[in-house]
$ cat run.tsv   # TSV, C-alpha atoms and all ligand atoms
chain	number	residue	atom	x	y	z
A	190	MET	CA	8.97	31.81	-28.63
A	191	ARG	CA	12.24	30.64	-27.11
A	192	ILE	CA	11.90	29.92	-23.39
A	193	ASP	CA	14.88	30.02	-21.05
A	194	GLY	CA	12.89	29.86	-17.87
A	195	ILE	CA	9.67	30.62	-16.10
A	196	SER	CA	9.13	32.15	-12.67
A	197	ILE	CA	6.22	32.03	-10.30
A	198	ILE	CA	5.86	35.11	-8.16
A	199	GLY	CA	4.30	34.04	-4.86
A	200	GLY	CA	0.85	35.14	-3.79
A	201	HIS	CA	-0.93	33.92	-0.69
A	202	GLY	CA	-2.04	30.63	0.83
A	203	ARG	CA	-5.62	29.64	1.56
A	204	ASP	CA	-5.59	31.63	4.80
A	205	GLY	CA	-4.65	34.79	2.92
A	206	ALA	CA	-1.15	35.03	4.41
A	207	THR	CA	1.77	35.77	2.08
A	208	GLU	CA	3.49	32.64	0.76
A	209	PRO	CA	6.81	31.77	2.46
A	210	VAL	CA	8.37	31.19	-0.97
A	211	GLY	CA	8.12	34.52	-2.73
A	212	ARG	CA	9.57	33.43	-6.04
A	213	LEU	CA	10.14	30.09	-7.76
A	214	ASP	CA	12.50	30.09	-10.76
A	215	LEU	CA	12.42	27.14	-13.14
A	216	ASN	CA	15.14	27.03	-15.79
A	217	MET	CA	15.16	25.06	-19.01
A	218	GLY	CA	16.17	21.46	-18.25
A	219	ASP	CA	14.91	21.54	-14.65
A	220	VAL	CA	12.87	18.61	-13.36
A	221	VAL	CA	10.90	19.71	-10.31
A	222	SER	CA	8.34	18.01	-8.09
A	223	LEU	CA	5.50	19.59	-6.15
A	224	VAL	CA	4.91	17.66	-2.95
A	225	GLY	CA	2.48	18.05	-0.07
A	226	PRO	CA	-0.56	16.48	1.57
A	227	THR	CA	-3.88	16.08	-0.17
A	228	GLY	CA	-5.52	19.49	-0.50
A	229	SER	CA	-2.26	21.43	0.02
A	230	GLY	CA	-2.56	23.27	-3.29
A	231	LYS	CA	-0.38	21.30	-5.72
A	232	THR	CA	-2.96	21.21	-8.50
A	233	ALA	CA	-3.79	24.88	-7.89
A	234	LEU	CA	-0.11	25.75	-8.45
A	235	VAL	CA	0.18	23.84	-11.74
A	236	ASN	CA	-3.09	25.41	-12.83
A	237	ASP	CA	-1.64	28.85	-12.06
A	238	ILE	CA	1.27	28.03	-14.37
A	239	ALA	CA	-0.97	26.62	-17.12
A	240	LEU	CA	-3.30	29.63	-16.90
A	241	PHE	CA	-0.46	32.18	-17.04
A	242	ALA	CA	-1.72	33.51	-13.72
A	243	ASP	CA	-1.57	37.26	-13.45
A	244	ALA	CA	-2.87	37.90	-9.93
A	245	ASN	CA	-6.25	36.73	-11.25
A	246	THR	CA	-6.50	33.25	-9.65
A	247	PRO	CA	-7.41	32.39	-6.01
A	248	SER	CA	-3.69	32.37	-5.02
A	249	GLY	CA	-2.87	35.80	-6.44
A	250	ARG	CA	0.29	34.37	-8.05
A	251	ARG	CA	1.89	35.70	-11.21
A	252	LEU	CA	3.74	33.82	-13.92
A	253	LEU	CA	6.75	35.30	-15.70
A	254	ILE	CA	8.33	33.90	-18.84
A	255	ASN	CA	12.01	34.75	-19.34
A	256	GLY	CA	11.62	37.12	-16.40
A	257	ALA	CA	8.81	39.20	-17.92
A	258	ALA	CA	5.03	39.16	-18.14
A	259	PRO	CA	4.16	36.62	-20.86
A	260	ASP	CA	3.65	37.70	-24.43
A	261	GLU	CA	0.15	36.42	-25.09
A	262	SER	CA	0.53	35.78	-28.82
A	263	PHE	CA	-0.38	32.14	-28.22
A	264	LEU	CA	-3.88	33.26	-27.23
A	265	ASP	CA	-4.46	33.90	-30.94
A	266	ASP	CA	-2.85	30.61	-31.91
A	267	PRO	CA	-3.08	27.87	-29.25
A	268	SER	CA	-0.54	25.79	-31.19
A	269	LEU	CA	2.07	28.30	-29.95
A	270	ASN	CA	1.20	27.73	-26.29
A	271	PRO	CA	4.51	26.81	-24.62
A	272	ILE	CA	2.88	25.10	-21.64
A	273	ALA	CA	1.26	21.66	-21.70
A	274	LEU	CA	-0.69	20.33	-18.71
A	275	ILE	CA	-1.54	16.65	-18.25
A	276	THR	CA	-4.31	16.87	-15.67
A	277	GLN	CA	-5.04	14.60	-12.73
A	278	HIS	CA	-8.32	13.39	-14.21
A	279	THR	CA	-8.18	12.67	-17.90
A	280	THR	CA	-11.15	11.64	-19.93
A	281	PHE	CA	-11.40	11.87	-23.67
A	282	LEU	CA	-14.29	13.47	-25.39
A	283	SER	CA	-12.95	12.43	-28.76
A	284	ASP	CA	-13.73	8.95	-30.04
A	285	LEU	CA	-11.45	9.39	-33.04
A	286	PRO	CA	-9.06	6.51	-33.71
A	287	VAL	CA	-5.69	7.11	-31.98
A	288	GLU	CA	-3.80	7.52	-35.25
A	289	ARG	CA	-6.27	10.07	-36.69
A	290	PHE	CA	-6.31	12.02	-33.42
A	291	LEU	CA	-2.52	12.26	-33.26
A	292	LEU	CA	-2.21	13.06	-36.96
A	293	THR	CA	-4.70	15.90	-36.57
A	294	HIS	CA	-2.71	17.26	-33.66
A	295	ALA	CA	0.56	16.95	-35.59
A	296	ARG	CA	-0.93	18.92	-38.50
A	297	VAL	CA	-2.34	21.62	-36.22
A	298	ARG	CA	1.15	21.91	-34.75
A	299	ARG	CA	2.54	22.19	-38.29
A	300	SER	CA	4.81	19.25	-37.69
A	301	PRO	CA	7.13	18.98	-40.74
A	302	ARG	CA	6.71	15.18	-40.87
A	303	PRO	CA	3.35	14.38	-39.23
A	304	GLU	CA	3.44	10.60	-39.84
A	305	ALA	CA	6.90	10.28	-38.29
A	306	ALA	CA	5.83	12.41	-35.32
A	307	VAL	CA	2.81	10.17	-34.74
A	308	ALA	CA	4.96	7.02	-34.90
A	309	ALA	CA	7.48	8.51	-32.44
A	310	THR	CA	4.65	9.50	-30.08
A	311	VAL	CA	3.11	6.03	-30.05
A	312	ASP	CA	6.54	4.46	-29.60
A	313	PHE	CA	7.26	6.77	-26.62
A	314	ALA	CA	3.88	5.99	-25.04
A	315	ASN	CA	4.35	2.26	-25.50
A	316	GLN	CA	7.61	2.38	-23.56
A	317	LEU	CA	5.62	3.59	-20.55
A	318	THR	CA	2.70	1.19	-20.58
A	319	GLY	CA	2.21	-2.55	-20.24
A	320	GLU	CA	-0.05	-3.37	-23.17
A	321	PRO	CA	0.79	-1.61	-26.44
A	322	ILE	CA	-1.60	1.01	-27.76
A	323	LEU	CA	-3.57	-0.02	-30.85
A	324	THR	CA	-3.51	2.98	-33.16
A	325	ASP	CA	-6.67	2.05	-35.05
A	326	GLY	CA	-8.65	1.79	-31.79
A	327	ALA	CA	-10.66	4.75	-30.49
A	328	MET	CA	-9.07	7.19	-28.02
A	329	THR	CA	-11.98	6.51	-25.64
A	330	GLU	CA	-11.11	2.80	-25.55
A	331	LEU	CA	-7.63	3.34	-24.09
A	332	SER	CA	-7.11	2.35	-20.46
A	333	GLY	CA	-6.39	5.06	-17.88
A	334	GLY	CA	-2.66	4.29	-17.93
A	335	GLN	CA	-2.52	4.16	-21.73
A	336	THR	CA	-4.37	7.48	-21.94
A	337	ARG	CA	-1.92	9.19	-19.59
A	338	ALA	CA	1.07	7.67	-21.36
A	339	LEU	CA	-0.23	8.83	-24.73
A	340	LEU	CA	-0.95	12.34	-23.45
A	341	ILE	CA	2.54	12.66	-22.00
A	342	ALA	CA	4.09	11.42	-25.25
A	343	ASP	CA	1.82	13.73	-27.27
A	344	ALA	CA	2.74	16.80	-25.20
A	345	VAL	CA	6.46	16.05	-25.42
A	346	VAL	CA	6.84	14.81	-29.01
A	347	ILE	CA	4.04	16.32	-31.14
A	348	GLY	CA	3.24	19.30	-28.90
A	349	ASN	CA	6.98	19.89	-28.38
A	350	ALA	CA	5.99	22.07	-25.44
A	351	PRO	CA	8.99	23.60	-23.61
A	352	VAL	CA	7.12	23.39	-20.29
A	353	VAL	CA	5.29	20.17	-19.38
A	354	LEU	CA	3.20	19.94	-16.20
A	355	LEU	CA	2.21	16.45	-15.04
A	356	ASP	CA	-0.35	16.04	-12.29
A	357	GLU	CA	0.16	12.66	-10.55
A	358	ILE	CA	1.37	10.22	-13.21
A	359	GLU	CA	2.05	7.54	-10.60
A	360	ASN	CA	-1.60	6.59	-10.25
A	361	ALA	CA	-1.73	5.61	-13.88
A	362	GLY	CA	0.46	2.52	-13.48
A	363	ILE	CA	3.13	4.12	-15.65
A	364	ASP	CA	6.72	2.92	-15.25
A	365	ARG	CA	7.96	6.07	-13.55
A	366	ALA	CA	11.69	5.36	-13.57
A	367	ARG	CA	11.41	4.71	-17.31
A	368	ALA	CA	9.30	7.84	-17.75
A	369	LEU	CA	11.87	10.03	-15.97
A	370	ASP	CA	14.71	8.49	-17.98
A	371	LEU	CA	12.90	9.12	-21.25
A	372	LEU	CA	11.81	12.64	-20.29
A	373	ARG	CA	15.31	13.61	-19.19
A	374	GLY	CA	16.35	13.07	-22.80
A	375	TYR	CA	14.36	16.19	-23.71
A	376	GLU	CA	15.51	19.68	-22.79
A	377	LYS	CA	12.36	21.01	-21.14
A	378	ILE	CA	10.99	22.16	-17.82
A	379	PHE	CA	9.10	19.26	-16.26
A	380	VAL	CA	6.90	19.87	-13.23
A	381	PHE	CA	5.60	16.73	-11.53
A	382	VAL	CA	2.84	16.92	-8.99
A	383	THR	CA	3.51	13.81	-6.97
A	384	HIS	CA	2.90	11.83	-3.80
A	385	ASP	CA	5.62	9.42	-4.91
A	386	PRO	CA	8.96	9.58	-3.05
A	387	GLY	CA	10.77	8.06	-6.05
A	388	ILE	CA	9.68	10.78	-8.46
A	389	ALA	CA	10.30	13.51	-5.86
A	390	LEU	CA	13.85	12.32	-5.15
A	391	LEU	CA	14.72	11.84	-8.83
A	392	SER	CA	13.84	15.49	-9.43
A	393	ASP	CA	16.44	18.27	-9.26
A	394	PHE	CA	14.45	19.92	-6.48
A	395	ARG	CA	11.05	19.83	-4.90
A	396	VAL	CA	8.64	22.45	-3.66
A	397	ALA	CA	6.83	21.58	-0.44
A	398	MET	CA	3.23	22.82	-0.42
A	399	GLN	CA	1.05	23.42	2.63
A	400	GLY	CA	-2.25	25.23	3.14
A	401	GLY	CA	-2.29	26.37	-0.48
A	402	ALA	CA	1.15	28.00	-0.17
A	403	MET	CA	4.70	27.21	-1.37
A	404	ARG	CA	6.47	26.53	1.97
A	405	ALA	CA	9.99	25.57	0.98
A	406	ILE	CA	12.26	24.71	-1.93
A	407	LEU	CA	14.46	21.67	-1.30
A	408	ARG	CA	17.30	20.85	-3.69
A	409	THR	CA	17.91	17.08	-3.86
A	410	THR	CA	21.05	16.10	-1.94
A	411	ALA	CA	23.59	13.43	-2.93
A	412	GLU	CA	22.31	11.23	-0.11
A	413	GLU	CA	18.73	11.64	-1.32
A	414	ARG	CA	19.84	10.56	-4.79
A	415	LEU	CA	21.21	7.39	-3.25
A	416	VAL	CA	17.88	6.81	-1.51
A	417	ALA	CA	16.15	7.33	-4.87
A	418	ARG	CA	18.38	4.68	-6.46
A	419	ARG	CA	17.45	2.21	-3.73
A	420	LEU	CA	13.78	3.03	-4.08
A	421	MET	CA	13.96	2.38	-7.81
A	422	ALA	CA	15.68	-0.98	-7.24
A	423	ILE	CA	12.93	-1.98	-4.80
A	424	ASP	CA	10.38	-0.67	-7.26
A	425	ALA	CA	11.88	-2.79	-10.05
A	426	MET	CA	11.51	-5.84	-7.80
A	427	LEU	CA	7.87	-5.00	-7.18
A	428	LEU	CA	7.24	-4.47	-10.87
A	429	GLY	CA	8.87	-7.82	-11.63
A	430	LEU	CA	6.61	-9.53	-9.09
A	431	ARG	CA	3.59	-7.72	-10.46
A	432	ASP	CA	4.32	-8.76	-14.02
A	433	ARG	CA	4.92	-12.37	-13.02
A	434	ILE	CA	1.66	-12.52	-11.06
A	435	ARG	CA	-0.27	-10.68	-13.77
A	436	GLY	CA	1.13	-13.13	-16.29
A	437	GLY	CA	-0.31	-16.06	-14.31
A	438	GLY	CA	3.08	-17.21	-12.98
A	439	ARG	CA	4.39	-18.12	-9.51
A	440	VAL	CA	6.93	-16.24	-7.39
A	441	GLY	CA	9.59	-17.35	-4.91
A	442	ALA	CA	11.32	-16.03	-1.77
A	443	ALA	CA	14.33	-14.99	-3.88
A	444	ASP	CA	12.13	-12.54	-5.81
A	445	ILE	CA	12.33	-10.14	-2.86
A	446	ASP	CA	16.01	-9.49	-2.25
A	447	LEU	CA	16.71	-6.64	0.15
A	448	THR	CA	20.47	-7.15	0.42
A	449	GLU	CA	22.66	-4.07	-0.03
A	450	ALA	CA	23.94	-5.38	-3.37
A	451	ALA	CA	20.42	-5.84	-4.71
A	452	VAL	CA	18.95	-2.54	-3.53
A	453	SER	CA	21.86	-0.41	-4.66
A	454	GLY	CA	22.02	-2.03	-8.09
A	455	GLY	CA	18.99	-0.30	-9.63
A	456	ARG	CA	19.26	2.53	-12.06
A	457	ALA	CA	18.71	6.06	-10.85
B	1	LIG	N1	-3.39	29.68	-2.60
B	1	LIG	C1	-4.66	29.33	-2.59
B	1	LIG	N2	-5.64	30.23	-2.35
B	1	LIG	C2	-6.93	29.87	-2.33
B	1	LIG	N3	-7.37	28.62	-2.56
B	1	LIG	C3	-6.46	27.68	-2.82
B	1	LIG	C4	-5.06	27.98	-2.85
B	1	LIG	N4	-4.38	26.82	-3.13
B	1	LIG	C5	-5.30	25.86	-3.26
B	1	LIG	N5	-6.56	26.36	-3.07
B	1	LIG	C6	-7.81	25.57	-3.12
B	1	LIG	O1	-7.69	24.50	-2.21
B	1	LIG	C7	-8.29	23.32	-2.71
B	1	LIG	C8	-7.30	22.15	-2.70
B	1	LIG	O2	-6.18	22.47	-3.52
B	1	LIG	P1	-5.61	21.46	-4.63
B	1	LIG	O3	-6.69	20.78	-5.37
B	1	LIG	O4	-4.63	22.24	-5.42
B	1	LIG	O5	-4.86	20.39	-3.71
B	1	LIG	P2	-3.84	19.22	-4.11
B	1	LIG	O6	-2.61	19.42	-3.35
B	1	LIG	O7	-3.74	19.12	-5.59
B	1	LIG	O8	-4.58	17.93	-3.54
B	1	LIG	P3	-4.57	16.38	-4.08
B	1	LIG	O9	-3.29	15.78	-3.60
B	1	LIG	O10	-5.77	15.79	-3.41
B	1	LIG	O11	-4.71	16.41	-5.57
B	1	LIG	C9	-8.78	23.67	-4.10
B	1	LIG	O12	-10.17	23.97	-4.03
B	1	LIG	C10	-7.99	24.91	-4.47
B	1	LIG	O13	-8.68	25.73	-5.38
B	2	MG	MG	-4.32	17.67	-7.00
$ encode --input "run.tsv" --output "structure tokens"
Amino acid sequence: MRIDGISIIGGHGRDGATEPVGRLDLNMGDVVSLVGPTGSGKTALVNDIALFADANTPSGRRLLINGAAPDESFLDDPSLNPIALITQHTTFLSDLPVERFLLTHARVRRSPRPEAAVAATVDFANQLTGEPILTDGAMTELSGGQTRALLIADAVVIGNAPVVLLDEIENAGIDRARALDLLRGYEKIFVFVTHDPGIALLSDFRVAMQGGAMRAILRTTAEERLVARRLMAIDAMLLGLRDRIRGGGRVGAADIDLTEAAVSGGRA
């Protein structure tokens, strides 16, 4: 199924009142963040999308695909499901070796060149993590960050899902500027649930959640993009320090440089 966009028709917040945002349209290529305090309903909203909500979840929301109620053909064949969700808490039940696991997925997805798809997936994941993933090791032996990185890569490359929902990747120690750069290379709808100002401001727009309801849609302004660039430059400094310290090295005063030139030099 070709997807041009999805829409979420608002329901009600936890108090039962109608949501202030009555409709959220996400078009192919959009990168959107869901922001809001703990317990404000961010995960509930991505779940509504992943479940193809039809006024049958606690929020009463409805999901439309290309402006209409979804064709549920994928229910007969999950490999056709256009929506991939990387959840907040990931644990693997499979102790298959990484390579076998990915190859199985690639075959289920009828990937024309499964081996190449697996190699591309591992390569993508390794660009997000510190220590490379060993493909003959068991899935259950991956670290939390490696697991998340592999699941993101798997959803994007092998799953080739047009809609990818990511619930809080920042806690996984993933290089988020790198992740956003890489993901932007794919024409998809990405929905990030995030507490991270960098991810929120690198998105095209953000939805502010409160009390279980969508409160407001904020398109990222030019000034906010500048702030995002500065944040990423500061982030790169922190990552550099982290790597040096993790690697058993020493750091110096010059490693934290907050001059205008330094903080505006990072990539956006
Ligand atoms: N619109 C709603 N109607 C009824 N219940 C809701 C609604 N939205 C969220 N909830 C419930 O409120 C609780 C908290 O929501 P949720 O887990 O989505 O928060 P969150 O923003 O993801 O928090 P965190 O940042 O801690 O992950 C959940 O039990 C969820 O089912
Ligand atoms: Mg959550």
$ closest_residue --input "run.tsv" --among "A:Asp260, A:Glu320, A:Asp312, A:Asp356" --to "ligand MG 2 (chain B)" --atoms "all atoms listed in the file"
A:Asp356
$ closest_residue --input "run.tsv" --among "A:Ala342, A:Leu415, A:Met426, A:Leu291" --to "Ala314 in chain A" --atoms "all atoms listed in the file"
A:Ala342
$ residues_around --input "run.tsv" --residues "Val452 in chain A" --least-positions-apart "5" --cutoff "6 Å" --atoms "only C-alpha atoms" --output "PDB file with C-alpha atoms, keeping the file's coordinate frame"
ATOM      1  CA  ARG A 419      17.450   2.210  -3.730  1.00  0.00           C
ATOM      2  CA  ALA A 422      15.680  -0.980  -7.240  1.00  0.00           C
ATOM      3  CA  LEU A 447      16.710  -6.640   0.150  1.00  0.00           C
TER       4      LEU A 447
END
$ closest_atom_pairs --input "run.tsv" --of "chain A" --to "ligand MG 2 (chain B)" --cutoff "12 Å" --atoms "only C-alpha atoms and all ligand atoms" --output "tab-separated table"
residue	atom	partner	partner_atom	distance
A:Leu223	CA	B:MG2	MG	10.0
A:Val224	CA	B:MG2	MG	10.1
A:Gly225	CA	B:MG2	MG	9.7
A:Pro226	CA	B:MG2	MG	9.4
A:Thr227	CA	B:MG2	MG	7.0
A:Gly228	CA	B:MG2	MG	6.9
A:Ser229	CA	B:MG2	MG	8.2
A:Gly230	CA	B:MG2	MG	6.9
A:Lys231	CA	B:MG2	MG	5.5
A:Thr232	CA	B:MG2	MG	4.1
A:Ala233	CA	B:MG2	MG	7.3
A:Leu234	CA	B:MG2	MG	9.2
A:Val235	CA	B:MG2	MG	9.0
A:Asn236	CA	B:MG2	MG	9.8
A:Ile275	CA	B:MG2	MG	11.6
A:Thr276	CA	B:MG2	MG	8.7
A:Gln277	CA	B:MG2	MG	6.5
A:His278	CA	B:MG2	MG	9.3
A:Leu355	CA	B:MG2	MG	10.4
A:Asp356	CA	B:MG2	MG	6.8
A:Glu357	CA	B:MG2	MG	7.6
A:Ile358	CA	B:MG2	MG	11.2
A:Asn360	CA	B:MG2	MG	11.9
A:Phe381	CA	B:MG2	MG	10.9
A:Val382	CA	B:MG2	MG	7.5
A:Thr383	CA	B:MG2	MG	8.7
A:His384	CA	B:MG2	MG	9.8
A:Met398	CA	B:MG2	MG	11.3
A:Gly401	CA	B:MG2	MG	11.1
$ residues_around --input "run.tsv" --residues "Leu323 in chain A" --least-positions-apart "4" --cutoff "10 Å" --atoms "all atoms listed in the file" --output "list in words"
Pro286, Val287, Glu288, Val311, Asn315, Ala327, Met328, Glu330 and Leu331 of chain A
$ closest_residue --input "run.tsv" --among "A:Ala308, A:Ile341, A:Val221, A:Met403" --to "ligand LIG 1 (chain B)" --atoms "all atoms listed in the file"
A:Met403
$ closest_residue --input "run.tsv" --among "A:Thr336, A:Ser222, A:Gln399, A:Thr310" --to "ligand LIG 1 (chain B)" --atoms "all atoms listed in the file"
A:Gln399
$ residues_near_point --input "run.tsv" --point "(12.5, -5.7, -5.6)" --cutoff "9 Å" --atoms "only C-alpha atoms" --output "list of chain:residue names"
A:Leu420, A:Met421, A:Ala422, A:Ile423, A:Asp424, A:Ala425, A:Met426, A:Leu427, A:Leu428, A:Gly429, A:Leu430, A:Asp444, A:Ile445, A:Asp446, A:Leu447, A:Ala451, A:Val452
$ closest_atom_pairs --input "run.tsv" --of "range 371-400 of chain A" --to "range 192-211 of chain A" --cutoff "10 Å" --atoms "all atoms listed in the file" --output "JSON lines"
{"residue": "A:Lys377", "atom": "CA", "partner": "A:Ile192", "partner_atom": "CA", "distance": 9.2}
{"residue": "A:Ile378", "atom": "CA", "partner": "A:Gly194", "partner_atom": "CA", "distance": 7.9}
{"residue": "A:Val396", "atom": "CA", "partner": "A:Val210", "partner_atom": "CA", "distance": 9.1}
{"residue": "A:Ala397", "atom": "CA", "partner": "A:Val210", "partner_atom": "CA", "distance": 9.7}
{"residue": "A:Met398", "atom": "CA", "partner": "A:Gly202", "partner_atom": "CA", "distance": 9.5}
{"residue": "A:Gln399", "atom": "CA", "partner": "A:Gly202", "partner_atom": "CA", "distance": 8.0}
{"residue": "A:Gly400", "atom": "CA", "partner": "A:Arg203", "partner_atom": "CA", "distance": 5.8}
$ closest_residue --input "run.tsv" --among "A:Asn270, A:Leu371, A:Asp284, A:Arg251" --to "ligand LIG 1 (chain B)" --atoms "only C-alpha atoms and all ligand atoms"
A:Arg251
$ residues_around --input "run.tsv" --residues "Pro351 in chain A" --least-positions-apart "5" --cutoff "12 Å" --atoms "only C-alpha atoms" --output "VMD selection string"
chain A and resid 190 to 195 215 to 219 254 269 to 274 344 to 346 372 375 to 380
$ write_last_selection --input "run.tsv" --atoms "C-alpha atoms" --output "PDB file, keeping the file's coordinate frame"
ATOM      1  CA  MET A 190       8.970  31.810 -28.630  1.00  0.00           C
ATOM      2  CA  ARG A 191      12.240  30.640 -27.110  1.00  0.00           C
ATOM      3  CA  ILE A 192      11.900  29.920 -23.390  1.00  0.00           C
ATOM      4  CA  ASP A 193      14.880  30.020 -21.050  1.00  0.00           C
ATOM      5  CA  GLY A 194      12.890  29.860 -17.870  1.00  0.00           C
ATOM      6  CA  ILE A 195       9.670  30.620 -16.100  1.00  0.00           C
ATOM      7  CA  LEU A 215      12.420  27.140 -13.140  1.00  0.00           C
ATOM      8  CA  ASN A 216      15.140  27.030 -15.790  1.00  0.00           C
ATOM      9  CA  MET A 217      15.160  25.060 -19.010  1.00  0.00           C
ATOM     10  CA  GLY A 218      16.170  21.460 -18.250  1.00  0.00           C
ATOM     11  CA  ASP A 219      14.910  21.540 -14.650  1.00  0.00           C
ATOM     12  CA  ILE A 254       8.330  33.900 -18.840  1.00  0.00           C
ATOM     13  CA  LEU A 269       2.070  28.300 -29.950  1.00  0.00           C
ATOM     14  CA  ASN A 270       1.200  27.730 -26.290  1.00  0.00           C
ATOM     15  CA  PRO A 271       4.510  26.810 -24.620  1.00  0.00           C
ATOM     16  CA  ILE A 272       2.880  25.100 -21.640  1.00  0.00           C
ATOM     17  CA  ALA A 273       1.260  21.660 -21.700  1.00  0.00           C
ATOM     18  CA  LEU A 274      -0.690  20.330 -18.710  1.00  0.00           C
ATOM     19  CA  ALA A 344       2.740  16.800 -25.200  1.00  0.00           C
ATOM     20  CA  VAL A 345       6.460  16.050 -25.420  1.00  0.00           C
ATOM     21  CA  VAL A 346       6.840  14.810 -29.010  1.00  0.00           C
ATOM     22  CA  LEU A 372      11.810  12.640 -20.290  1.00  0.00           C
ATOM     23  CA  TYR A 375      14.360  16.190 -23.710  1.00  0.00           C
ATOM     24  CA  GLU A 376      15.510  19.680 -22.790  1.00  0.00           C
ATOM     25  CA  LYS A 377      12.360  21.010 -21.140  1.00  0.00           C
ATOM     26  CA  ILE A 378      10.990  22.160 -17.820  1.00  0.00           C
ATOM     27  CA  PHE A 379       9.100  19.260 -16.260  1.00  0.00           C
ATOM     28  CA  VAL A 380       6.900  19.870 -13.230  1.00  0.00           C
TER      29      VAL A 380
END
$ closest_residue --input "run.tsv" --among "A:Pro321, A:Asp393, A:Ala442, A:Arg212" --to "Gly256 in chain A" --atoms "all atoms listed in the file"
A:Arg212
$ atom_distance --input "run.tsv" --atom1 "CA of Leu317 in chain A" --atom2 "CA of Ile238 in chain A"
25.6 Å
$ atom_distance --input "run.tsv" --atom1 "atom N5 of ligand LIG 1 (chain B)" --atom2 "CA of Ala242 in chain A"
13.7 Å
$ atom_distance --input "run.tsv" --atom1 "CA of Thr410 in chain A" --atom2 "atom C8 of ligand LIG 1 (chain B)"
29.0 Å
$ decode --input "run.tsv" --residues "range 256-272 of chain A" --atoms "N, CA and C atoms" --output "PDB file, in the first residue's frame"
ATOM      1  N   GLY A 256      -6.226   9.695   4.378  1.00  0.00           N
ATOM      2  CA  GLY A 256      -7.506  10.369   4.570  1.00  0.00           C
ATOM      3  C   GLY A 256      -8.708   9.462   4.764  1.00  0.00           C
ATOM      4  N   ALA A 257      -8.484   8.143   4.783  1.00  0.00           N
ATOM      5  CA  ALA A 257      -9.635   7.234   4.920  1.00  0.00           C
ATOM      6  C   ALA A 257      -9.356   6.191   5.993  1.00  0.00           C
ATOM      7  N   ALA A 258     -10.391   5.529   6.443  1.00  0.00           N
ATOM      8  CA  ALA A 258     -10.219   4.455   7.423  1.00  0.00           C
ATOM      9  C   ALA A 258      -9.295   3.401   6.797  1.00  0.00           C
ATOM     10  N   PRO A 259      -8.311   2.899   7.592  1.00  0.00           N
ATOM     11  CA  PRO A 259      -7.310   2.014   7.008  1.00  0.00           C
ATOM     12  C   PRO A 259      -7.898   0.729   6.434  1.00  0.00           C
ATOM     13  N   ASP A 260      -7.311   0.345   5.300  1.00  0.00           N
ATOM     14  CA  ASP A 260      -7.579  -0.953   4.707  1.00  0.00           C
ATOM     15  C   ASP A 260      -6.813  -1.966   5.567  1.00  0.00           C
ATOM     16  N   GLU A 261      -7.486  -2.927   6.103  1.00  0.00           N
ATOM     17  CA  GLU A 261      -6.837  -3.791   7.095  1.00  0.00           C
ATOM     18  C   GLU A 261      -6.253  -5.067   6.503  1.00  0.00           C
ATOM     19  N   SER A 262      -5.832  -4.993   5.235  1.00  0.00           N
ATOM     20  CA  SER A 262      -5.264  -6.184   4.585  1.00  0.00           C
ATOM     21  C   SER A 262      -4.040  -6.708   5.335  1.00  0.00           C
ATOM     22  N   PHE A 263      -3.305  -5.775   5.978  1.00  0.00           N
ATOM     23  CA  PHE A 263      -2.098  -6.203   6.685  1.00  0.00           C
ATOM     24  C   PHE A 263      -2.413  -7.100   7.881  1.00  0.00           C
ATOM     25  N   LEU A 264      -3.684  -7.101   8.323  1.00  0.00           N
ATOM     26  CA  LEU A 264      -4.038  -7.975   9.447  1.00  0.00           C
ATOM     27  C   LEU A 264      -3.861  -9.444   9.034  1.00  0.00           C
ATOM     28  N   ASP A 265      -4.058  -9.713   7.741  1.00  0.00           N
ATOM     29  CA  ASP A 265      -3.866 -11.076   7.240  1.00  0.00           C
ATOM     30  C   ASP A 265      -2.398 -11.364   7.003  1.00  0.00           C
ATOM     31  N   ASP A 266      -1.622 -10.329   6.732  1.00  0.00           N
ATOM     32  CA  ASP A 266      -0.204 -10.499   6.453  1.00  0.00           C
ATOM     33  C   ASP A 266       0.572  -9.389   7.148  1.00  0.00           C
ATOM     34  N   PRO A 267       1.065  -9.665   8.378  1.00  0.00           N
ATOM     35  CA  PRO A 267       1.731  -8.612   9.156  1.00  0.00           C
ATOM     36  C   PRO A 267       2.929  -8.005   8.428  1.00  0.00           C
ATOM     37  N   SER A 268       3.486  -8.721   7.428  1.00  0.00           N
ATOM     38  CA  SER A 268       4.636  -8.143   6.729  1.00  0.00           C
ATOM     39  C   SER A 268       4.213  -6.936   5.895  1.00  0.00           C
ATOM     40  N   LEU A 269       2.907  -6.737   5.722  1.00  0.00           N
ATOM     41  CA  LEU A 269       2.424  -5.563   4.978  1.00  0.00           C
ATOM     42  C   LEU A 269       2.114  -4.385   5.903  1.00  0.00           C
ATOM     43  N   ASN A 270       2.242  -4.588   7.209  1.00  0.00           N
ATOM     44  CA  ASN A 270       1.928  -3.508   8.151  1.00  0.00           C
ATOM     45  C   ASN A 270       2.813  -2.292   7.877  1.00  0.00           C
ATOM     46  N   PRO A 271       2.204  -1.138   7.555  1.00  0.00           N
ATOM     47  CA  PRO A 271       3.009   0.033   7.199  1.00  0.00           C
ATOM     48  C   PRO A 271       3.590   0.773   8.402  1.00  0.00           C
ATOM     49  N   ILE A 272       3.221   0.355   9.612  1.00  0.00           N
ATOM     50  CA  ILE A 272       3.634   1.127  10.790  1.00  0.00           C
ATOM     51  C   ILE A 272       4.526   0.290  11.695  1.00  0.00           C
TER      52      ILE A 272
END
